[in-house]
Amino acid sequence: MVDKKQLNDNIPQHVAIIMDGNGRWAKKQGLFRSVGHEKGTKAVREAVESCAEIGVKYLTLYAFSTENWNRPKLEVDTLMKLLVTSLKKEIKTLQENNIKLNAIGNLQSLPGKARKELMEVIEKTKSNDHMTLTLALSYGSREELIKTIEEISIKVKNGVISPHLINESVINEHLYTKNLPDVDLLIRTSGEKRISNFLLWQIAYAELYFTEILWPDFRKEHLFEAIYNYQKRERRFGKTSEQLS
Ligand code: FPP
């Protein structure tokens with residue numbers, strides 16, 4: 001079990017999490033999937049608090065993918081309701097911990113009530129600067145890239161951008177994540193080893209960490225363990241070890 005005291009100063013600036021396993025957690029205990037999602041909100045709270053505690057500046061959570069719209073209507077409704085209740089409940093914690101809420105994805109497709117609540121909390125927390133918590137909602141990386149290419153193409157057509165000046169910065173500026181740095185550490189729970197259409201461009205140099213823990217069981221010590229593991233790795237960004245030292 002890793003304790004906070006075992007971590008050094010090399011805290012990843014941007015941590016992203018694919019929160020997986022709510023359904024399997026519920027099934028294992030003979031409960032409805034919705035109970036798994038509900039328990040998952042507790043793990044969200046704990047991950048947010050522990051990241052804020054150790055100085056992670058950006059935490060991005062994959063809360064609802066573009067593909068999740070294909071789940072049974074009852075489950076989609078439950079997730080949207082949980083979003084609204086969690087936002088209402090957690091605004092106080094966000095303010096107390098000086099955390100700014102941000103959202104990425106096709107937010108227009110969210111039900112009106114969820115979008116309204118989300119926008120209100122984003123507005124109320126916009127001056128907070130200890131950490132930025134980004135919820136990926138109705139998010140799909142391919143959809144984001146298509147939108148980016150479309151927007152840049154229109155600018156090229158209108159003569160606003162010259163094609164040979166398109167570089168990484170131009171692309172970054174058109175992504176939903178334009179205000180976020182690249183991901184340093186990507187965590188996925190539940191033992192699945194997939195990226196599932198999450199931040200494909202932004203994880204180019206991220207360290208990947210997979211754990212068997214199901215999301216509702218994910219606690220502070222699991223987060224610290226992931227960071228501890230990250231701190232033991234050598235990030236070379238294409239260079240050799242000798243060049244780095
Ligand atoms: C994956 O588990 C989890 C989700 C699709 C939703 C994540 C949502 C929460 C943690 C709760 C609400 C979040 C916020 C931010 C308020 P799964 O259902 O795919 O699990 P399975 O793979 O075991 O079926």
# chains A, B, ... in the order shown; residues from 1 in each chain; ligands from 1
$ residues_near_ligand --ligand "ligand 1" --cutoff "10 Å" --atoms "only C-alpha atoms and all ligand atoms" --output "compact mmCIF listing (two decimals) with all heavy atoms, in the first residue's frame"
# COMPACT_ATOMS: atom_id res chain seq x y z
N ILE A 18 -9.68 6.66 -17.13
CA ILE A 18 -10.81 5.95 -17.73
C ILE A 18 -11.41 5.14 -16.58
O ILE A 18 -10.85 4.14 -16.14
CB ILE A 18 -10.36 5.03 -18.89
CG1 ILE A 18 -9.63 5.85 -19.97
CG2 ILE A 18 -11.56 4.28 -19.49
CD1 ILE A 18 -9.07 5.03 -21.14
N MET A 19 -12.55 5.63 -16.08
CA MET A 19 -13.17 5.02 -14.88
C MET A 19 -14.02 3.85 -15.36
O MET A 19 -15.12 4.03 -15.83
CB MET A 19 -14.07 6.05 -14.20
CG MET A 19 -13.41 7.41 -13.97
SD MET A 19 -14.52 8.61 -13.19
CE MET A 19 -15.62 9.04 -14.52
N ASP A 20 -13.48 2.63 -15.21
CA ASP A 20 -14.18 1.47 -15.77
C ASP A 20 -14.47 0.43 -14.69
O ASP A 20 -13.70 0.29 -13.74
CB ASP A 20 -13.31 0.86 -16.89
CG ASP A 20 -14.10 -0.07 -17.78
OD1 ASP A 20 -15.35 -0.10 -17.68
OD2 ASP A 20 -13.47 -0.78 -18.58
N GLY A 21 -15.56 -0.28 -14.86
CA GLY A 21 -15.85 -1.42 -13.97
C GLY A 21 -17.05 -1.23 -13.05
O GLY A 21 -17.28 -2.07 -12.19
N ASN A 22 -17.80 -0.15 -13.22
CA ASN A 22 -18.97 0.06 -12.35
C ASN A 22 -19.97 -1.08 -12.49
O ASN A 22 -20.51 -1.58 -11.50
CB ASN A 22 -19.70 1.37 -12.72
CG ASN A 22 -18.86 2.60 -12.44
OD1 ASN A 22 -17.81 2.50 -11.84
ND2 ASN A 22 -19.34 3.75 -12.87
N GLY A 23 -20.24 -1.49 -13.73
CA GLY A 23 -21.22 -2.54 -14.00
C GLY A 23 -20.79 -3.87 -13.41
O GLY A 23 -21.57 -4.56 -12.73
N ARG A 24 -19.52 -4.23 -13.61
CA ARG A 24 -19.01 -5.51 -13.09
C ARG A 24 -18.99 -5.52 -11.56
O ARG A 24 -19.28 -6.51 -10.92
CB ARG A 24 -17.60 -5.78 -13.64
CG ARG A 24 -17.63 -6.49 -14.99
CD ARG A 24 -16.32 -6.39 -15.69
NE ARG A 24 -16.12 -5.04 -16.21
CZ ARG A 24 -14.95 -4.57 -16.60
NH1 ARG A 24 -13.87 -5.31 -16.53
NH2 ARG A 24 -14.86 -3.35 -17.09
N TRP A 25 -18.67 -4.37 -10.98
CA TRP A 25 -18.68 -4.25 -9.51
C TRP A 25 -20.08 -4.57 -8.98
O TRP A 25 -20.23 -5.34 -8.03
CB TRP A 25 -18.27 -2.82 -9.12
CG TRP A 25 -18.19 -2.58 -7.64
CD1 TRP A 25 -17.08 -2.71 -6.85
CD2 TRP A 25 -19.26 -2.19 -6.77
NE1 TRP A 25 -17.40 -2.42 -5.54
CE2 TRP A 25 -18.73 -2.10 -5.46
CE3 TRP A 25 -20.61 -1.91 -6.97
CZ2 TRP A 25 -19.49 -1.74 -4.36
CZ3 TRP A 25 -21.38 -1.55 -5.87
CH2 TRP A 25 -20.83 -1.47 -4.58
N ALA A 26 -21.10 -3.99 -9.64
CA ALA A 26 -22.49 -4.20 -9.20
C ALA A 26 -22.89 -5.66 -9.39
O ALA A 26 -23.48 -6.28 -8.50
CB ALA A 26 -23.42 -3.27 -9.96
N LYS A 27 -22.54 -6.20 -10.56
CA LYS A 27 -22.92 -7.59 -10.87
C LYS A 27 -22.34 -8.57 -9.85
O LYS A 27 -23.02 -9.49 -9.39
CB LYS A 27 -22.43 -7.92 -12.29
CG LYS A 27 -23.14 -9.12 -12.89
CD LYS A 27 -22.74 -9.34 -14.33
CE LYS A 27 -23.26 -10.70 -14.78
NZ LYS A 27 -22.71 -11.08 -16.07
N LYS A 28 -21.08 -8.31 -9.48
CA LYS A 28 -20.41 -9.19 -8.51
C LYS A 28 -21.16 -9.28 -7.18
O LYS A 28 -21.12 -10.28 -6.49
CB LYS A 28 -19.00 -8.63 -8.22
CG LYS A 28 -17.92 -9.41 -8.94
CD LYS A 28 -16.54 -8.83 -8.79
CE LYS A 28 -16.00 -8.65 -7.40
NZ LYS A 28 -14.67 -8.03 -7.36
N ARG A 33 -26.82 -2.29 -12.08
CA ARG A 33 -25.68 -1.52 -12.60
C ARG A 33 -25.68 -0.08 -12.06
O ARG A 33 -24.64 0.50 -11.80
CB ARG A 33 -25.73 -1.48 -14.13
CG ARG A 33 -25.43 -2.82 -14.81
CD ARG A 33 -25.57 -2.69 -16.31
NE ARG A 33 -24.59 -1.74 -16.87
CZ ARG A 33 -23.33 -2.05 -17.16
NH1 ARG A 33 -22.90 -3.28 -16.98
NH2 ARG A 33 -22.52 -1.15 -17.65
N SER A 34 -26.91 0.46 -11.88
CA SER A 34 -27.02 1.86 -11.41
C SER A 34 -26.35 2.03 -10.04
O SER A 34 -25.79 3.09 -9.74
CB SER A 34 -28.48 2.29 -11.34
OG SER A 34 -29.19 1.40 -10.52
N VAL A 35 -26.39 0.98 -9.20
CA VAL A 35 -25.75 1.07 -7.88
C VAL A 35 -24.22 1.20 -8.07
O VAL A 35 -23.55 1.95 -7.35
CB VAL A 35 -26.09 -0.15 -6.99
CG1 VAL A 35 -25.50 0.01 -5.60
CG2 VAL A 35 -27.59 -0.38 -6.93
N GLY A 36 -23.70 0.50 -9.08
CA GLY A 36 -22.27 0.59 -9.39
C GLY A 36 -21.90 2.02 -9.78
O GLY A 36 -20.88 2.56 -9.35
N HIS A 37 -22.75 2.63 -10.60
CA HIS A 37 -22.47 4.02 -11.02
C HIS A 37 -22.53 4.96 -9.82
O HIS A 37 -21.73 5.87 -9.69
CB HIS A 37 -23.46 4.46 -12.10
CG HIS A 37 -23.31 3.70 -13.39
ND1 HIS A 37 -22.09 3.48 -13.97
CD2 HIS A 37 -24.23 3.11 -14.20
CE1 HIS A 37 -22.25 2.78 -15.09
NE2 HIS A 37 -23.54 2.54 -15.25
N GLU A 38 -23.52 4.70 -8.95
CA GLU A 38 -23.67 5.55 -7.77
C GLU A 38 -22.42 5.45 -6.88
O GLU A 38 -21.90 6.46 -6.42
CB GLU A 38 -24.89 5.07 -7.00
CG GLU A 38 -25.67 6.20 -6.35
CD GLU A 38 -26.90 5.65 -5.68
OE1 GLU A 38 -27.76 5.09 -6.39
OE2 GLU A 38 -26.97 5.73 -4.45
N LYS A 39 -21.96 4.21 -6.67
CA LYS A 39 -20.73 4.01 -5.87
C LYS A 39 -19.55 4.66 -6.58
O LYS A 39 -18.61 5.14 -5.95
CB LYS A 39 -20.44 2.52 -5.69
CG LYS A 39 -21.39 1.85 -4.75
CD LYS A 39 -20.97 2.09 -3.31
CE LYS A 39 -22.02 1.53 -2.35
NZ LYS A 39 -21.96 2.10 -1.02
N GLY A 40 -19.61 4.67 -7.92
CA GLY A 40 -18.55 5.28 -8.72
C GLY A 40 -18.39 6.76 -8.43
O GLY A 40 -17.28 7.30 -8.49
N THR A 41 -19.48 7.42 -8.07
CA THR A 41 -19.38 8.87 -7.78
C THR A 41 -18.54 9.10 -6.53
O THR A 41 -17.86 10.11 -6.40
CB THR A 41 -20.77 9.53 -7.62
OG1 THR A 41 -21.44 8.91 -6.54
CG2 THR A 41 -21.60 9.42 -8.87
N LYS A 42 -18.59 8.13 -5.59
CA LYS A 42 -17.76 8.26 -4.37
C LYS A 42 -16.28 8.18 -4.74
O LYS A 42 -15.44 8.91 -4.19
CB LYS A 42 -18.10 7.14 -3.38
CG LYS A 42 -19.46 7.30 -2.75
CD LYS A 42 -19.45 6.83 -1.29
CE LYS A 42 -20.76 7.17 -0.60
NZ LYS A 42 -21.70 6.06 -0.53
N ALA A 43 -15.97 7.29 -5.68
CA ALA A 43 -14.58 7.14 -6.12
C ALA A 43 -14.14 8.41 -6.87
O ALA A 43 -12.97 8.81 -6.79
CB ALA A 43 -14.44 5.91 -7.00
N VAL A 44 -15.07 9.04 -7.58
CA VAL A 44 -14.76 10.29 -8.29
C VAL A 44 -14.32 11.34 -7.26
O VAL A 44 -13.28 11.98 -7.39
CB VAL A 44 -15.99 10.82 -9.08
CG1 VAL A 44 -15.77 12.25 -9.57
CG2 VAL A 44 -16.29 9.92 -10.28
N ARG A 45 -15.12 11.47 -6.20
CA ARG A 45 -14.84 12.44 -5.15
C ARG A 45 -13.45 12.20 -4.55
O ARG A 45 -12.65 13.12 -4.38
CB ARG A 45 -15.91 12.31 -4.08
CG ARG A 45 -15.68 13.14 -2.86
CD ARG A 45 -16.82 12.87 -1.92
NE ARG A 45 -17.61 14.08 -1.76
CZ ARG A 45 -17.51 14.84 -0.69
NH1 ARG A 45 -16.69 14.53 0.27
NH2 ARG A 45 -18.23 15.94 -0.59
N THR A 60 -8.51 14.84 -15.62
CA THR A 60 -9.57 14.67 -16.64
C THR A 60 -10.20 13.30 -16.50
O THR A 60 -9.49 12.28 -16.51
CB THR A 60 -8.98 14.87 -18.06
OG1 THR A 60 -8.40 16.18 -18.11
CG2 THR A 60 -10.05 14.76 -19.13
N LEU A 61 -11.51 13.26 -16.34
CA LEU A 61 -12.23 12.01 -16.11
C LEU A 61 -13.14 11.68 -17.28
O LEU A 61 -13.93 12.54 -17.72
CB LEU A 61 -13.07 12.11 -14.83
CG LEU A 61 -12.31 12.45 -13.54
CD1 LEU A 61 -13.29 12.62 -12.38
CD2 LEU A 61 -11.29 11.36 -13.20
N TYR A 62 -13.05 10.42 -17.75
CA TYR A 62 -13.91 9.98 -18.86
C TYR A 62 -15.23 9.53 -18.23
O TYR A 62 -15.35 8.40 -17.75
CB TYR A 62 -13.22 8.79 -19.54
CG TYR A 62 -13.59 8.54 -20.99
CD1 TYR A 62 -14.43 9.39 -21.71
CD2 TYR A 62 -13.04 7.45 -21.68
CE1 TYR A 62 -14.72 9.15 -23.05
CE2 TYR A 62 -13.33 7.21 -23.02
CZ TYR A 62 -14.16 8.06 -23.69
OH TYR A 62 -14.45 7.82 -25.01
N ALA A 63 -16.21 10.43 -18.21
CA ALA A 63 -17.46 10.15 -17.50
C ALA A 63 -18.54 9.57 -18.42
O ALA A 63 -19.40 8.82 -17.96
CB ALA A 63 -17.98 11.42 -16.84
N PHE A 64 -18.50 9.94 -19.72
CA PHE A 64 -19.54 9.45 -20.64
C PHE A 64 -19.02 9.60 -22.08
O PHE A 64 -18.71 10.70 -22.52
CB PHE A 64 -20.83 10.26 -20.44
CG PHE A 64 -22.05 9.64 -21.07
CD1 PHE A 64 -22.81 8.71 -20.36
CD2 PHE A 64 -22.43 9.95 -22.37
CE1 PHE A 64 -23.93 8.12 -20.93
CE2 PHE A 64 -23.54 9.37 -22.95
CZ PHE A 64 -24.30 8.45 -22.23
N SER A 65 -18.93 8.48 -22.77
CA SER A 65 -18.37 8.54 -24.13
C SER A 65 -19.48 8.68 -25.17
O SER A 65 -20.66 8.44 -24.86
CB SER A 65 -17.58 7.26 -24.42
OG SER A 65 -18.47 6.17 -24.58
N GLU A 67 -19.99 6.70 -27.42
CA GLU A 67 -20.52 5.34 -27.59
C GLU A 67 -21.51 4.96 -26.47
O GLU A 67 -22.36 4.10 -26.65
CB GLU A 67 -19.38 4.31 -27.62
CG GLU A 67 -18.50 4.38 -28.87
CD GLU A 67 -17.52 5.54 -28.88
OE1 GLU A 67 -17.19 6.08 -27.80
OE2 GLU A 67 -17.10 5.95 -29.99
N ASN A 68 -21.36 5.62 -25.30
CA ASN A 68 -22.26 5.29 -24.16
C ASN A 68 -23.73 5.63 -24.44
O ASN A 68 -24.63 5.11 -23.77
CB ASN A 68 -21.82 6.00 -22.87
CG ASN A 68 -20.58 5.39 -22.24
OD1 ASN A 68 -19.83 6.07 -21.53
ND2 ASN A 68 -20.34 4.11 -22.48
N TRP A 69 -23.99 6.46 -25.45
CA TRP A 69 -25.40 6.77 -25.81
C TRP A 69 -26.11 5.50 -26.27
O TRP A 69 -27.33 5.44 -26.25
CB TRP A 69 -25.48 7.82 -26.92
CG TRP A 69 -25.07 9.20 -26.50
CD1 TRP A 69 -23.98 9.90 -26.95
CD2 TRP A 69 -25.72 10.06 -25.56
NE1 TRP A 69 -23.91 11.13 -26.35
CE2 TRP A 69 -24.97 11.26 -25.50
CE3 TRP A 69 -26.86 9.95 -24.76
CZ2 TRP A 69 -25.33 12.33 -24.66
CZ3 TRP A 69 -27.21 11.02 -23.93
CH2 TRP A 69 -26.46 12.19 -23.89
N ARG A 71 -26.12 2.66 -24.79
CA ARG A 71 -26.55 1.80 -23.67
C ARG A 71 -28.07 1.90 -23.49
O ARG A 71 -28.69 2.84 -24.00
CB ARG A 71 -25.84 2.25 -22.39
CG ARG A 71 -24.37 1.96 -22.45
CD ARG A 71 -23.72 2.06 -21.11
NE ARG A 71 -22.33 1.61 -21.24
CZ ARG A 71 -21.53 1.37 -20.23
NH1 ARG A 71 -21.95 1.51 -19.00
NH2 ARG A 71 -20.30 0.96 -20.44
N GLU A 75 -30.20 3.18 -18.31
CA GLU A 75 -28.85 3.41 -17.78
C GLU A 75 -28.33 4.80 -18.15
O GLU A 75 -27.71 5.48 -17.33
CB GLU A 75 -27.89 2.32 -18.31
CG GLU A 75 -26.51 2.48 -17.70
CD GLU A 75 -25.61 1.26 -17.88
OE1 GLU A 75 -26.12 0.17 -18.20
OE2 GLU A 75 -24.39 1.42 -17.68
N VAL A 76 -28.65 5.23 -19.39
CA VAL A 76 -28.23 6.57 -19.81
C VAL A 76 -28.90 7.61 -18.91
O VAL A 76 -28.25 8.53 -18.40
CB VAL A 76 -28.58 6.82 -21.30
CG1 VAL A 76 -28.34 8.27 -21.69
CG2 VAL A 76 -27.78 5.89 -22.22
N THR A 78 -29.98 7.22 -15.88
CA THR A 78 -29.39 7.15 -14.54
C THR A 78 -28.08 7.94 -14.49
O THR A 78 -27.83 8.71 -13.57
CB THR A 78 -29.09 5.67 -14.16
OG1 THR A 78 -30.30 4.95 -14.20
CG2 THR A 78 -28.45 5.55 -12.80
N LEU A 79 -27.24 7.75 -15.52
CA LEU A 79 -25.94 8.44 -15.54
C LEU A 79 -26.13 9.96 -15.62
O LEU A 79 -25.42 10.71 -14.95
CB LEU A 79 -25.09 7.93 -16.70
CG LEU A 79 -24.45 6.56 -16.47
CD1 LEU A 79 -23.91 5.97 -17.77
CD2 LEU A 79 -23.31 6.66 -15.44
N MET A 80 -27.10 10.39 -16.42
CA MET A 80 -27.35 11.83 -16.55
C MET A 80 -27.88 12.41 -15.23
O MET A 80 -27.52 13.50 -14.82
CB MET A 80 -28.34 12.12 -17.70
CG MET A 80 -27.74 11.84 -19.06
SD MET A 80 -26.25 12.85 -19.34
CE MET A 80 -25.24 11.74 -20.29
N LYS A 81 -28.77 11.63 -14.56
CA LYS A 81 -29.29 12.09 -13.26
C LYS A 81 -28.18 12.16 -12.23
O LYS A 81 -28.11 13.10 -11.44
CB LYS A 81 -30.39 11.13 -12.78
CG LYS A 81 -31.75 11.46 -13.37
CD LYS A 81 -32.85 10.67 -12.69
CE LYS A 81 -34.08 10.66 -13.59
NZ LYS A 81 -34.72 9.35 -13.70
N LEU A 82 -27.30 11.15 -12.26
CA LEU A 82 -26.17 11.14 -11.31
C LEU A 82 -25.26 12.36 -11.53
O LEU A 82 -24.73 12.93 -10.58
CB LEU A 82 -25.33 9.88 -11.51
CG LEU A 82 -25.67 8.68 -10.65
CD1 LEU A 82 -24.73 7.53 -10.96
CD2 LEU A 82 -25.57 9.03 -9.16
N LEU A 83 -25.12 12.73 -12.79
CA LEU A 83 -24.30 13.90 -13.11
C LEU A 83 -24.91 15.14 -12.45
O LEU A 83 -24.22 15.91 -11.79
CB LEU A 83 -24.21 14.06 -14.64
CG LEU A 83 -23.48 15.30 -15.12
CD1 LEU A 83 -22.00 15.24 -14.75
CD2 LEU A 83 -23.60 15.46 -16.65
N VAL A 84 -26.23 15.30 -12.63
CA VAL A 84 -26.91 16.48 -12.06
C VAL A 84 -26.80 16.47 -10.53
O VAL A 84 -26.40 17.48 -9.93
CB VAL A 84 -28.40 16.54 -12.51
CG1 VAL A 84 -29.13 17.67 -11.81
CG2 VAL A 84 -28.49 16.68 -14.02
N THR A 85 -27.11 15.33 -9.89
CA THR A 85 -27.07 15.31 -8.42
C THR A 85 -25.64 15.52 -7.91
O THR A 85 -25.42 16.22 -6.93
CB THR A 85 -27.66 14.01 -7.82
OG1 THR A 85 -27.11 12.90 -8.54
CG2 THR A 85 -29.16 13.94 -7.92
N SER A 86 -24.67 14.92 -8.61
CA SER A 86 -23.28 15.07 -8.16
C SER A 86 -22.83 16.53 -8.28
O SER A 86 -22.16 17.06 -7.39
CB SER A 86 -22.33 14.21 -8.99
OG SER A 86 -22.67 12.88 -8.89
N LEU A 87 -23.22 17.19 -9.38
CA LEU A 87 -22.82 18.58 -9.56
C LEU A 87 -23.43 19.45 -8.45
O LEU A 87 -22.75 20.30 -7.87
CB LEU A 87 -23.26 19.10 -10.93
CG LEU A 87 -22.47 18.56 -12.13
CD1 LEU A 87 -23.17 18.89 -13.44
CD2 LEU A 87 -21.04 19.12 -12.13
N LYS A 89 -24.33 18.50 -5.51
CA LYS A 89 -23.75 18.14 -4.22
C LYS A 89 -22.30 18.60 -4.09
O LYS A 89 -21.88 19.03 -3.02
CB LYS A 89 -23.80 16.61 -4.10
CG LYS A 89 -23.92 16.11 -2.68
CD LYS A 89 -24.38 14.68 -2.64
CE LYS A 89 -23.20 13.76 -2.37
NZ LYS A 89 -23.53 12.34 -2.53
N GLU A 90 -21.55 18.52 -5.18
CA GLU A 90 -20.10 18.73 -5.07
C GLU A 90 -19.63 20.16 -5.31
O GLU A 90 -18.45 20.45 -5.12
CB GLU A 90 -19.35 17.78 -6.03
CG GLU A 90 -19.59 16.30 -5.78
CD GLU A 90 -19.26 15.83 -4.36
OE1 GLU A 90 -18.52 16.53 -3.65
OE2 GLU A 90 -19.75 14.76 -3.98
N LEU A 133 -10.56 20.43 -12.96
CA LEU A 133 -11.19 19.12 -13.12
C LEU A 133 -12.00 19.16 -14.40
O LEU A 133 -12.93 19.95 -14.54
CB LEU A 133 -12.12 18.84 -11.93
CG LEU A 133 -13.09 17.67 -12.11
CD1 LEU A 133 -12.34 16.34 -12.24
CD2 LEU A 133 -14.07 17.60 -10.94
N THR A 134 -11.62 18.30 -15.36
CA THR A 134 -12.34 18.26 -16.63
C THR A 134 -13.15 16.98 -16.73
O THR A 134 -12.62 15.89 -16.56
CB THR A 134 -11.34 18.34 -17.81
OG1 THR A 134 -10.61 19.56 -17.70
CG2 THR A 134 -12.05 18.29 -19.16
N LEU A 135 -14.45 17.13 -16.99
CA LEU A 135 -15.29 15.96 -17.22
C LEU A 135 -15.45 15.77 -18.72
O LEU A 135 -15.85 16.71 -19.42
CB LEU A 135 -16.68 16.16 -16.59
CG LEU A 135 -16.72 16.33 -15.07
CD1 LEU A 135 -18.16 16.48 -14.61
CD2 LEU A 135 -16.06 15.14 -14.36
N ALA A 136 -15.11 14.58 -19.21
CA ALA A 136 -15.35 14.27 -20.62
C ALA A 136 -16.75 13.69 -20.70
O ALA A 136 -17.03 12.63 -20.16
CB ALA A 136 -14.30 13.29 -21.11
N LEU A 137 -17.64 14.43 -21.36
CA LEU A 137 -19.06 14.06 -21.40
C LEU A 137 -19.53 14.03 -22.85
O LEU A 137 -19.34 15.02 -23.56
CB LEU A 137 -19.88 15.08 -20.61
CG LEU A 137 -19.68 15.06 -19.09
CD1 LEU A 137 -20.16 16.36 -18.47
CD2 LEU A 137 -20.40 13.87 -18.47
N THR A 189 -8.99 1.70 -14.94
CA THR A 189 -9.31 0.69 -13.93
C THR A 189 -10.00 -0.50 -14.58
O THR A 189 -10.33 -0.48 -15.76
CB THR A 189 -10.23 1.29 -12.85
OG1 THR A 189 -11.42 1.80 -13.46
CG2 THR A 189 -9.55 2.39 -12.07
N SER A 190 -10.19 -1.56 -13.82
CA SER A 190 -10.98 -2.75 -14.14
C SER A 190 -10.26 -3.80 -14.98
O SER A 190 -10.89 -4.77 -15.39
CB SER A 190 -12.31 -2.38 -14.82
OG SER A 190 -12.18 -2.36 -16.23
N GLY A 191 -8.97 -3.62 -15.23
CA GLY A 191 -8.20 -4.64 -15.92
C GLY A 191 -8.25 -4.58 -17.44
O GLY A 191 -7.48 -5.29 -18.10
N GLU A 192 -9.12 -3.76 -18.02
CA GLU A 192 -9.14 -3.65 -19.49
C GLU A 192 -7.93 -2.82 -19.93
O GLU A 192 -7.60 -1.83 -19.30
CB GLU A 192 -10.42 -2.94 -19.96
CG GLU A 192 -11.73 -3.55 -19.48
CD GLU A 192 -11.98 -4.94 -20.05
OE1 GLU A 192 -11.22 -5.38 -20.94
OE2 GLU A 192 -12.92 -5.59 -19.57
N LEU A 214 -11.71 -2.34 -9.66
CA LEU A 214 -12.91 -1.82 -10.33
C LEU A 214 -13.16 -0.40 -9.82
O LEU A 214 -12.91 -0.10 -8.64
CB LEU A 214 -14.12 -2.73 -10.01
CG LEU A 214 -13.97 -4.20 -10.43
CD1 LEU A 214 -15.14 -5.03 -9.93
CD2 LEU A 214 -13.83 -4.34 -11.95
N TRP A 215 -13.66 0.47 -10.69
CA TRP A 215 -13.72 1.90 -10.34
C TRP A 215 -14.38 2.18 -8.98
O TRP A 215 -13.84 2.95 -8.18
CB TRP A 215 -14.37 2.72 -11.46
CG TRP A 215 -14.43 4.16 -11.07
CD1 TRP A 215 -15.53 4.89 -10.75
CD2 TRP A 215 -13.31 5.05 -10.88
NE1 TRP A 215 -15.18 6.17 -10.39
CE2 TRP A 215 -13.81 6.29 -10.45
CE3 TRP A 215 -11.91 4.91 -11.01
CZ2 TRP A 215 -13.00 7.39 -10.17
CZ3 TRP A 215 -11.09 6.00 -10.73
CH2 TRP A 215 -11.64 7.22 -10.31
N PRO A 216 -15.51 1.55 -8.62
CA PRO A 216 -16.12 1.89 -7.32
C PRO A 216 -15.21 1.58 -6.13
O PRO A 216 -15.39 2.14 -5.05
CB PRO A 216 -17.39 1.03 -7.27
CG PRO A 216 -17.72 0.79 -8.70
CD PRO A 216 -16.38 0.64 -9.38
$ atom_distance --atom1 "CA of Thr125 (chain A)" --atom2 "CA of Gln13 (chain A)"
19.9 Å
$ residues_around --residues "Leu59 (chain A)" --least-positions-apart "3" --cutoff "10 Å" --atoms "only C-alpha atoms" --output "PyMOL selection string"
chain A and resi 12-17+47-48+51-52+56+101-102+131-135+180+183+185
$ select_by_dssp --residues "region 15-180 of chain A" --states "alpha helix (DSSP H)" --output "PyMOL selection string"
chain A and resi 22-28+33-54+73-96+112-124+141-157+168-174
$ select_by_dssp --residues "region 73-207 of chain A" --states "strand (DSSP E or B)" --output "PyMOL selection string"
chain A and resi 99-104+131-139+185-188+207
$ residues_around --residues "Ile166 (chain A)" --least-positions-apart "5" --cutoff "10 Å" --atoms "only C-alpha atoms" --output "list in words"
Ile152, Val156, Ile161 and Ile171 of chain A
$ write_last_selection --atoms "N, CA and C atoms" --output "PDB file, in the first residue's frame"
ATOM      1  N   ILE A 152     -10.459  23.653 -39.115  1.00  0.00           N
ATOM      2  CA  ILE A 152      -9.222  24.133 -39.743  1.00  0.00           C
ATOM      3  C   ILE A 152      -9.423  24.232 -41.266  1.00  0.00           C
ATOM      4  N   VAL A 156      -8.809  27.380 -43.734  1.00  0.00           N
ATOM      5  CA  VAL A 156      -7.914  27.314 -44.905  1.00  0.00           C
ATOM      6  C   VAL A 156      -8.676  27.834 -46.120  1.00  0.00           C
ATOM      7  N   ILE A 161      -5.934  30.593 -42.536  1.00  0.00           N
ATOM      8  CA  ILE A 161      -4.729  29.808 -42.238  1.00  0.00           C
ATOM      9  C   ILE A 161      -4.139  29.301 -43.555  1.00  0.00           C
ATOM     10  N   ILE A 171      -3.364  22.615 -34.318  1.00  0.00           N
ATOM     11  CA  ILE A 171      -4.296  21.524 -34.006  1.00  0.00           C
ATOM     12  C   ILE A 171      -4.737  21.604 -32.538  1.00  0.00           C
TER      13      ILE A 171
END
